[in-house]
>>> print(open('final.pdb').read())   # PDB, C-alpha atoms
ATOM      1  CA  MET A   1      40.235   6.667  54.723
ATOM      2  CA  THR A   2      43.093   5.278  56.856
ATOM      3  CA  SER A   3      45.438   2.531  55.691
ATOM      4  CA  ASP A   4      43.684   0.078  58.052
ATOM      5  CA  ASP A   5      40.315   0.980  56.537
ATOM      6  CA  GLN A   6      41.691   0.603  53.026
ATOM      7  CA  GLN A   7      43.150  -2.796  53.870
ATOM      8  CA  PHE A   8      39.888  -3.953  55.446
ATOM      9  CA  PHE A   9      37.911  -2.766  52.420
ATOM     10  CA  GLU A  10      40.153  -4.583  49.929
ATOM     11  CA  GLN A  11      39.966  -7.766  52.039
ATOM     12  CA  GLU A  12      36.187  -7.699  52.096
ATOM     13  CA  MET A  13      35.908  -6.988  48.364
ATOM     14  CA  ARG A  14      38.473  -9.509  47.158
ATOM     15  CA  ASP A  15      35.884 -12.150  46.069
ATOM     16  CA  VAL A  16      33.480  -9.667  44.500
ATOM     17  CA  ARG A  17      33.236  -9.805  40.668
ATOM     18  CA  PRO A  18      31.396  -7.190  38.575
ATOM     19  CA  LEU A  19      28.130  -8.337  37.003
ATOM     20  CA  LYS A  20      28.034  -8.551  33.197
ATOM     21  CA  SER A  21      25.187  -6.389  31.999
ATOM     22  CA  ALA A  22      23.791  -6.597  28.512
ATOM     23  CA  PRO A  23      23.320  -3.272  26.752
ATOM     24  CA  ALA A  24      19.835  -1.942  27.302
ATOM     25  CA  ALA A  25      17.604  -2.500  24.294
ATOM     26  CA  ALA A  26      15.839   0.525  22.908
ATOM     27  CA  PRO A  27      12.152   0.442  23.771
ATOM     28  CA  LYS A  28      10.067  -0.668  20.821
ATOM     29  CA  ARG A  29       7.457   1.809  19.709
ATOM     30  CA  PRO A  30       4.196   0.265  18.610
ATOM     31  CA  ARG A  31       3.892   0.505  14.840
ATOM     32  CA  GLU A  32       1.110   2.830  13.931
ATOM     33  CA  LYS A  33      -1.326   1.639  11.312
ATOM     34  CA  PRO A  34      -0.899   3.752   8.159
ATOM     35  CA  GLU A  35      -3.726   6.073   7.183
ATOM     36  CA  PRO A  36      -5.775   4.906   4.161
ATOM     37  CA  GLY A  37      -4.512   7.890   2.139
ATOM     38  CA  THR A  38      -0.915   6.894   2.892
ATOM     39  CA  LEU A  39      -1.589   3.351   1.726
ATOM     40  CA  TYR A  40      -3.107   4.703  -1.499
ATOM     41  CA  ARG A  41      -0.100   6.919  -2.210
ATOM     42  CA  ARG A  42       2.322   4.068  -1.510
ATOM     43  CA  SER A  43       0.491   1.641  -3.767
ATOM     44  CA  ALA A  44       0.132   4.268  -6.517
ATOM     45  CA  ALA A  45       3.851   5.065  -6.363
ATOM     46  CA  GLN A  46       4.755   1.380  -6.681
ATOM     47  CA  ARG A  47       2.549   0.873  -9.716
ATOM     48  CA  PRO A  48       4.230   1.988 -12.943
ATOM     49  CA  ALA A  49       2.290   4.190 -15.333
ATOM     50  CA  GLY A  50       0.610   2.323 -18.153
ATOM     51  CA  PRO A  51       1.933   2.297 -21.732
ATOM     52  CA  ASP A  52      -0.015   5.523 -22.329
ATOM     53  CA  GLY A  53       1.738   7.186 -19.363
ATOM     54  CA  ASN A  54      -1.470   7.285 -17.304
ATOM     55  CA  PHE A  55      -0.476   7.380 -13.625
ATOM     56  CA  LEU A  56      -4.050   7.505 -12.251
ATOM     57  CA  THR A  57      -5.286   4.423 -10.417
ATOM     58  CA  THR A  58      -8.680   3.051  -9.469
ATOM     59  CA  GLY A  59      -7.565   1.388  -6.230
ATOM     60  CA  PHE A  60      -8.483   2.412  -2.700
ATOM     61  CA  VAL A  61      -9.513   6.037  -2.274
ATOM     62  CA  GLN A  62     -10.553   8.051   0.779
ATOM     63  CA  PRO A  63     -14.334   8.403   0.324
ATOM     64  CA  VAL A  64     -15.923  11.833   0.259
ATOM     65  CA  HIS A  65     -19.553  12.630   1.056
ATOM     66  CA  PRO A  66     -21.846  13.160  -1.968
ATOM     67  CA  GLN A  67     -22.530  16.756  -0.840
ATOM     68  CA  GLU A  68     -18.966  17.572   0.238
ATOM     69  CA  VAL A  69     -17.340  20.644  -1.295
ATOM     70  CA  LEU A  70     -14.060  19.787  -3.003
ATOM     71  CA  SER A  71     -11.360  22.422  -2.672
ATOM     72  CA  PHE A  72      -7.643  22.428  -3.495
ATOM     73  CA  LYS A  73      -5.088  25.201  -4.051
ATOM     74  CA  ARG A  74      -1.355  25.055  -4.630
ATOM     75  CA  GLY A  75       0.991  27.541  -3.039
ATOM     76  CA  GLY A  76       1.401  30.635  -5.165
ATOM     77  CA  VAL A  77      -2.218  30.861  -6.292
ATOM     78  CA  GLN A  78      -3.452  34.303  -5.305
ATOM     79  CA  HIS A  79      -6.422  34.495  -2.948
ATOM     80  CA  GLY A  80      -8.385  36.670  -5.378
ATOM     81  CA  VAL A  81      -7.828  34.194  -8.216
ATOM     82  CA  PHE A  82      -8.967  31.267  -6.075
ATOM     83  CA  LEU A  83     -12.013  33.196  -4.841
ATOM     84  CA  ARG A  84     -13.021  34.002  -8.403
ATOM     85  CA  LEU A  85     -12.652  30.321  -9.326
ATOM     86  CA  GLN A  86     -14.896  29.323  -6.382
ATOM     87  CA  GLN A  87     -17.532  31.813  -7.511
ATOM     88  CA  GLY A  88     -17.547  30.550 -11.093
ATOM     89  CA  GLY A  89     -16.134  33.844 -12.291
ATOM     90  CA  TYR A  90     -13.930  32.424 -15.038
ATOM     91  CA  ARG A  91     -15.213  31.397 -18.447
ATOM     92  CA  VAL A  92     -15.303  27.610 -18.719
ATOM     93  CA  GLU A  93     -13.277  26.756 -21.818
ATOM     94  CA  ALA A  94     -13.619  22.946 -21.783
ATOM     95  CA  THR A  95     -15.980  20.441 -20.146
ATOM     96  CA  LEU A  96     -15.768  16.734 -19.361
ATOM     97  CA  ASP A  97     -18.842  14.736 -18.304
ATOM     98  CA  LEU A  98     -18.136  11.487 -16.432
ATOM     99  CA  HIS A  99     -21.759  10.415 -15.944
ATOM    100  CA  LEU A 100     -22.474   6.776 -16.873
ATOM    101  CA  MET A 101     -18.750   5.978 -17.165
ATOM    102  CA  SER A 102     -16.987   3.193 -15.320
ATOM    103  CA  LEU A 103     -14.053   4.165 -13.098
ATOM    104  CA  GLU A 104     -11.625   2.751 -15.647
ATOM    105  CA  GLU A 105     -13.209   4.785 -18.446
ATOM    106  CA  ALA A 106     -13.173   7.902 -16.253
ATOM    107  CA  ARG A 107      -9.510   7.320 -15.368
ATOM    108  CA  THR A 108      -8.599   7.389 -19.065
ATOM    109  CA  GLN A 109     -10.903  10.296 -19.885
ATOM    110  CA  VAL A 110      -9.651  12.522 -17.046
ATOM    111  CA  PHE A 111      -6.006  11.833 -17.933
ATOM    112  CA  ASP A 112      -6.568  12.621 -21.625
ATOM    113  CA  PHE A 113      -8.778  15.633 -20.874
ATOM    114  CA  ILE A 114      -6.227  17.354 -18.622
ATOM    115  CA  HIS A 115      -3.448  16.785 -21.138
ATOM    116  CA  ASP A 116      -5.637  18.142 -23.955
ATOM    117  CA  CYS A 117      -6.372  21.207 -21.822
ATOM    118  CA  VAL A 118      -2.638  21.759 -21.374
ATOM    119  CA  ARG A 119      -1.990  21.220 -25.071
ATOM    120  CA  TYR A 120      -4.641  23.731 -26.151
ATOM    121  CA  GLU A 121      -3.783  26.198 -23.358
ATOM    122  CA  VAL A 122      -7.141  25.926 -21.590
ATOM    123  CA  ARG A 123      -6.997  27.832 -18.312
ATOM    124  CA  THR A 124     -10.376  26.939 -16.758
ATOM    125  CA  ALA A 125     -12.225  23.661 -17.245
ATOM    126  CA  LEU A 126     -15.229  21.943 -15.699
ATOM    127  CA  ILE A 127     -15.460  18.247 -14.825
ATOM    128  CA  ASN A 128     -18.929  16.838 -14.093
ATOM    129  CA  HIS A 129     -18.334  13.840 -11.816
ATOM    130  CA  GLY A 130     -21.819  13.586 -10.280
ATOM    131  CA  LYS A 131     -22.632  13.293  -6.600
ATOM    132  CA  GLY A 132     -23.091   9.546  -6.359
ATOM    133  CA  GLY A 133     -24.518   8.237  -3.114
ATOM    134  CA  ARG A 134     -27.295   6.242  -4.767
ATOM    135  CA  GLY A 135     -25.852   2.807  -4.058
ATOM    136  CA  LYS A 136     -26.222   0.701  -0.915
ATOM    137  CA  GLU A 137     -23.252   2.301   0.826
ATOM    138  CA  GLY A 138     -24.180   5.817  -0.257
ATOM    139  CA  GLN A 139     -20.611   6.601  -1.349
ATOM    140  CA  ALA A 140     -19.661   9.098  -4.026
ATOM    141  CA  LEU A 141     -17.214   6.763  -5.731
ATOM    142  CA  MET A 142     -16.550   8.773  -8.897
ATOM    143  CA  LYS A 143     -16.364  12.051  -6.982
ATOM    144  CA  SER A 144     -13.926  10.509  -4.485
ATOM    145  CA  HIS A 145     -11.619   9.363  -7.276
ATOM    146  CA  VAL A 146     -11.733  12.710  -9.066
ATOM    147  CA  ALA A 147     -10.824  14.431  -5.771
ATOM    148  CA  ARG A 148      -7.827  12.083  -5.482
ATOM    149  CA  TRP A 149      -6.737  12.259  -9.122
ATOM    150  CA  LEU A 150      -6.704  16.002  -9.757
ATOM    151  CA  PRO A 151      -3.919  16.982  -7.284
ATOM    152  CA  LEU A 152      -1.639  14.434  -8.990
ATOM    153  CA  PHE A 153      -1.442  16.674 -12.067
ATOM    154  CA  GLN A 154       1.277  19.277 -11.586
ATOM    155  CA  GLU A 155      -0.437  21.332 -14.301
ATOM    156  CA  ILE A 156      -3.505  21.825 -12.070
ATOM    157  CA  MET A 157      -3.081  24.858  -9.847
ATOM    158  CA  ALA A 158      -6.452  24.706  -8.075
ATOM    159  CA  PHE A 159      -9.918  23.210  -8.175
ATOM    160  CA  HIS A 160     -13.171  23.837  -6.372
ATOM    161  CA  SER A 161     -16.729  22.489  -6.425
ATOM    162  CA  ALA A 162     -18.862  24.361  -8.924
ATOM    163  CA  GLN A 163     -21.663  26.839  -8.429
ATOM    164  CA  GLY A 164     -25.226  25.538  -8.711
ATOM    165  CA  PHE A 165     -25.624  26.694 -12.311
ATOM    166  CA  HIS A 166     -22.664  24.481 -13.269
ATOM    167  CA  GLY A 167     -23.693  21.408 -11.259
ATOM    168  CA  GLY A 168     -22.881  22.373  -7.660
ATOM    169  CA  THR A 169     -21.099  19.687  -5.654
ATOM    170  CA  GLY A 170     -21.583  17.291  -8.586
ATOM    171  CA  ALA A 171     -18.963  19.150 -10.624
ATOM    172  CA  VAL A 172     -15.630  20.865 -10.127
ATOM    173  CA  TYR A 173     -13.922  23.893 -11.643
ATOM    174  CA  VAL A 174     -10.286  23.235 -12.591
ATOM    175  CA  LEU A 175      -7.683  25.991 -12.927
ATOM    176  CA  LEU A 176      -4.670  25.014 -15.018
ATOM    177  CA  ARG A 177      -1.189  26.477 -15.023
ATOM    178  CA  LYS A 178      -0.586  29.157 -17.639
ATOM    179  CA  SER A 179       1.835  28.003 -20.328
ATOM    180  CA  GLU A 180       5.105  29.857 -20.880
ATOM    181  CA  GLN A 181       3.857  30.918 -24.320
ATOM    182  CA  ALA A 182       0.690  32.388 -22.791
ATOM    183  CA  LYS A 183       2.795  34.191 -20.184
ATOM    184  CA  ASP A 184       4.992  35.678 -22.928
ATOM    185  CA  ARG A 185       1.938  36.855 -24.875
ATOM    186  CA  ALA A 186       0.520  38.479 -21.740
ATOM    187  CA  ARG A 187       3.812  40.255 -21.082
ATOM    188  CA  GLU A 188       3.892  41.561 -24.654
ATOM    189  CA  ARG A 189       0.267  42.718 -24.440
ATOM    190  CA  LEU A 190       1.056  44.604 -21.235
ATOM    191  CA  GLY A 191       4.266  46.046 -22.646
ATOM    192  CA  LEU A 192       6.448  44.268 -20.095
ATOM    193  CA  THR A 193       8.964  43.016 -22.664
ATOM    194  CA  SER A 194      11.486  45.038 -24.553
ATOM    195  CA  GLY A 195      11.217  42.927 -27.678
ATOM    196  CA  LYS A 196      14.125  41.191 -29.348
ATOM    197  CA  PRO A 197      17.580  42.113 -28.102
ATOM    198  CA  GLU A 198      19.585  44.216 -30.493
ATOM    199  CA  ALA A 199      22.386  42.495 -32.362
TER
END
>>> encode(input="final.pdb", output="structure tokens")
Amino acid sequence: MTSDDQQFFEQEMRDVRPLKSAPAAAPKRPREKPEPGTLYRRSAAQRPAGPDGNFLTTGFVQPVHPQEVLSFKRGGVQHGVFLRLQQGGYRVEATLDLHLMSLEEARTQVFDFIHDCVRYEVRTALINHGKGGRGKEGQALMKSHVARWLPLFQEIMAFHSAQGFHGGTGAVYVLLRKSEQAKDRARERLGLTSGKPEA
């Protein structure tokens, strides 16, 4: 650019002022409607446990079909163990029958039952929740709540709908975590401990 060109350019641009631009606003993403299960978990987390420590609720629950197979397994549960549970291969050591109970009664009974199982070192239990589906809406209300409640117990390692001779999809096998005392006894029985350390 020559000096004449530069002078001409500056003369032409002398009255030009830069435009003030507002910073671009970030585009707003439409808020997605939370899933019903998310809403349930949020509401359950905001509700404190009762005076008895019971953290189970009877609020909204994702409905399950009366004939649906319930199945849950935590990480670390061996495939063979879970398969045996599905097949009803473990001796049922304790049973809870929820038939003819209200949801509130069942909430209390399930909470107490699981804690009693832990206390008495029960490894495999059976809960008869029924299939439901007889009402106008055909929903398995009790079954749906049991399916929601059981994973909330850290002591429950797995559960699965029962075999026909134990109630089929109207009942569920529950596998509980082995206590540390039971683990120690098993190690001793198998000779995997060296006994008390020498003084």
>>> residues_around(input="final.pdb", residues="range 106-119 of chain A", least_positions_apart="3", cutoff="9 Å", atoms="all atoms listed in the file", output="number ranges by chain")
A: 54-58, 93-96, 98-99, 101-103, 122-125, 127, 142, 145-146, 149-150, 153, 155-156, 176-179
>>> atom_distance(input="final.pdb", atom1="CA of Leu141 in chain A", atom2="CA of Tyr120 in chain A")
29.4 Å
>>> resolve_selection(input="final.pdb", expression="the PyMOL selection byres ((chain A and resi 71) around 9)", output="PyMOL selection string")
chain A and resi 69-70+72-73+86+147+158-161+172
>>> closest_residue(input="final.pdb", among="A:His65, A:Arg84, A:His129, A:Arg74", to="Leu100 in chain A", atoms="all atoms listed in the file")
A:His129
>>> atom_distance(input="final.pdb", atom1="CA of Asp97 in chain A", atom2="CA of Gly132 in chain A")
13.7 Å
>>> closest_residue(input="final.pdb", among="A:Glu105, A:Glu12, A:Asp4, A:Glu68", to="Ala171 in chain A", atoms="all atoms listed in the file")
A:Glu68
>>> atom_distance(input="final.pdb", atom1="CA of Val92 in chain A", atom2="CA of Tyr173 in chain A")
8.1 Å
>>> resolve_selection(input="final.pdb", expression="the PyMOL selection byres ((chain A and resi 64) around 8)", output="mmCIF file with C-alpha atoms, in the frame of the given file")
data_model
loop_
_atom_site.group_PDB
_atom_site.id
_atom_site.type_symbol
_atom_site.label_atom_id
_atom_site.label_comp_id
_atom_site.auth_asym_id
_atom_site.auth_seq_id
_atom_site.Cartn_x
_atom_site.Cartn_y
_atom_site.Cartn_z
ATOM 1 C CA GLN A 62 -10.553 8.051 0.779
ATOM 2 C CA PRO A 63 -14.334 8.403 0.324
ATOM 3 C CA HIS A 65 -19.553 12.630 1.056
ATOM 4 C CA PRO A 66 -21.846 13.160 -1.968
ATOM 5 C CA GLU A 68 -18.966 17.572 0.238
ATOM 6 C CA GLN A 139 -20.611 6.601 -1.349
ATOM 7 C CA ALA A 140 -19.661 9.098 -4.026
ATOM 8 C CA LEU A 141 -17.214 6.763 -5.731
ATOM 9 C CA LYS A 143 -16.364 12.051 -6.982
ATOM 10 C CA SER A 144 -13.926 10.509 -4.485
#
>>> closest_residue(input="final.pdb", among="A:Leu126, A:Thr2, A:Phe60, A:Gln154", to="Gly75 in chain A", atoms="only C-alpha atoms")
A:Gln154
>>> closest_residue(input="final.pdb", among="A:Phe82, A:Leu190, A:Arg17, A:Val61", to="Met157 in chain A", atoms="all atoms listed in the file")
A:Phe82
>>> closest_residue(input="final.pdb", among="A:Gln78, A:Gln181, A:Gln67, A:Gln11", to="Gly168 in chain A", atoms="all atoms listed in the file")
A:Gln67
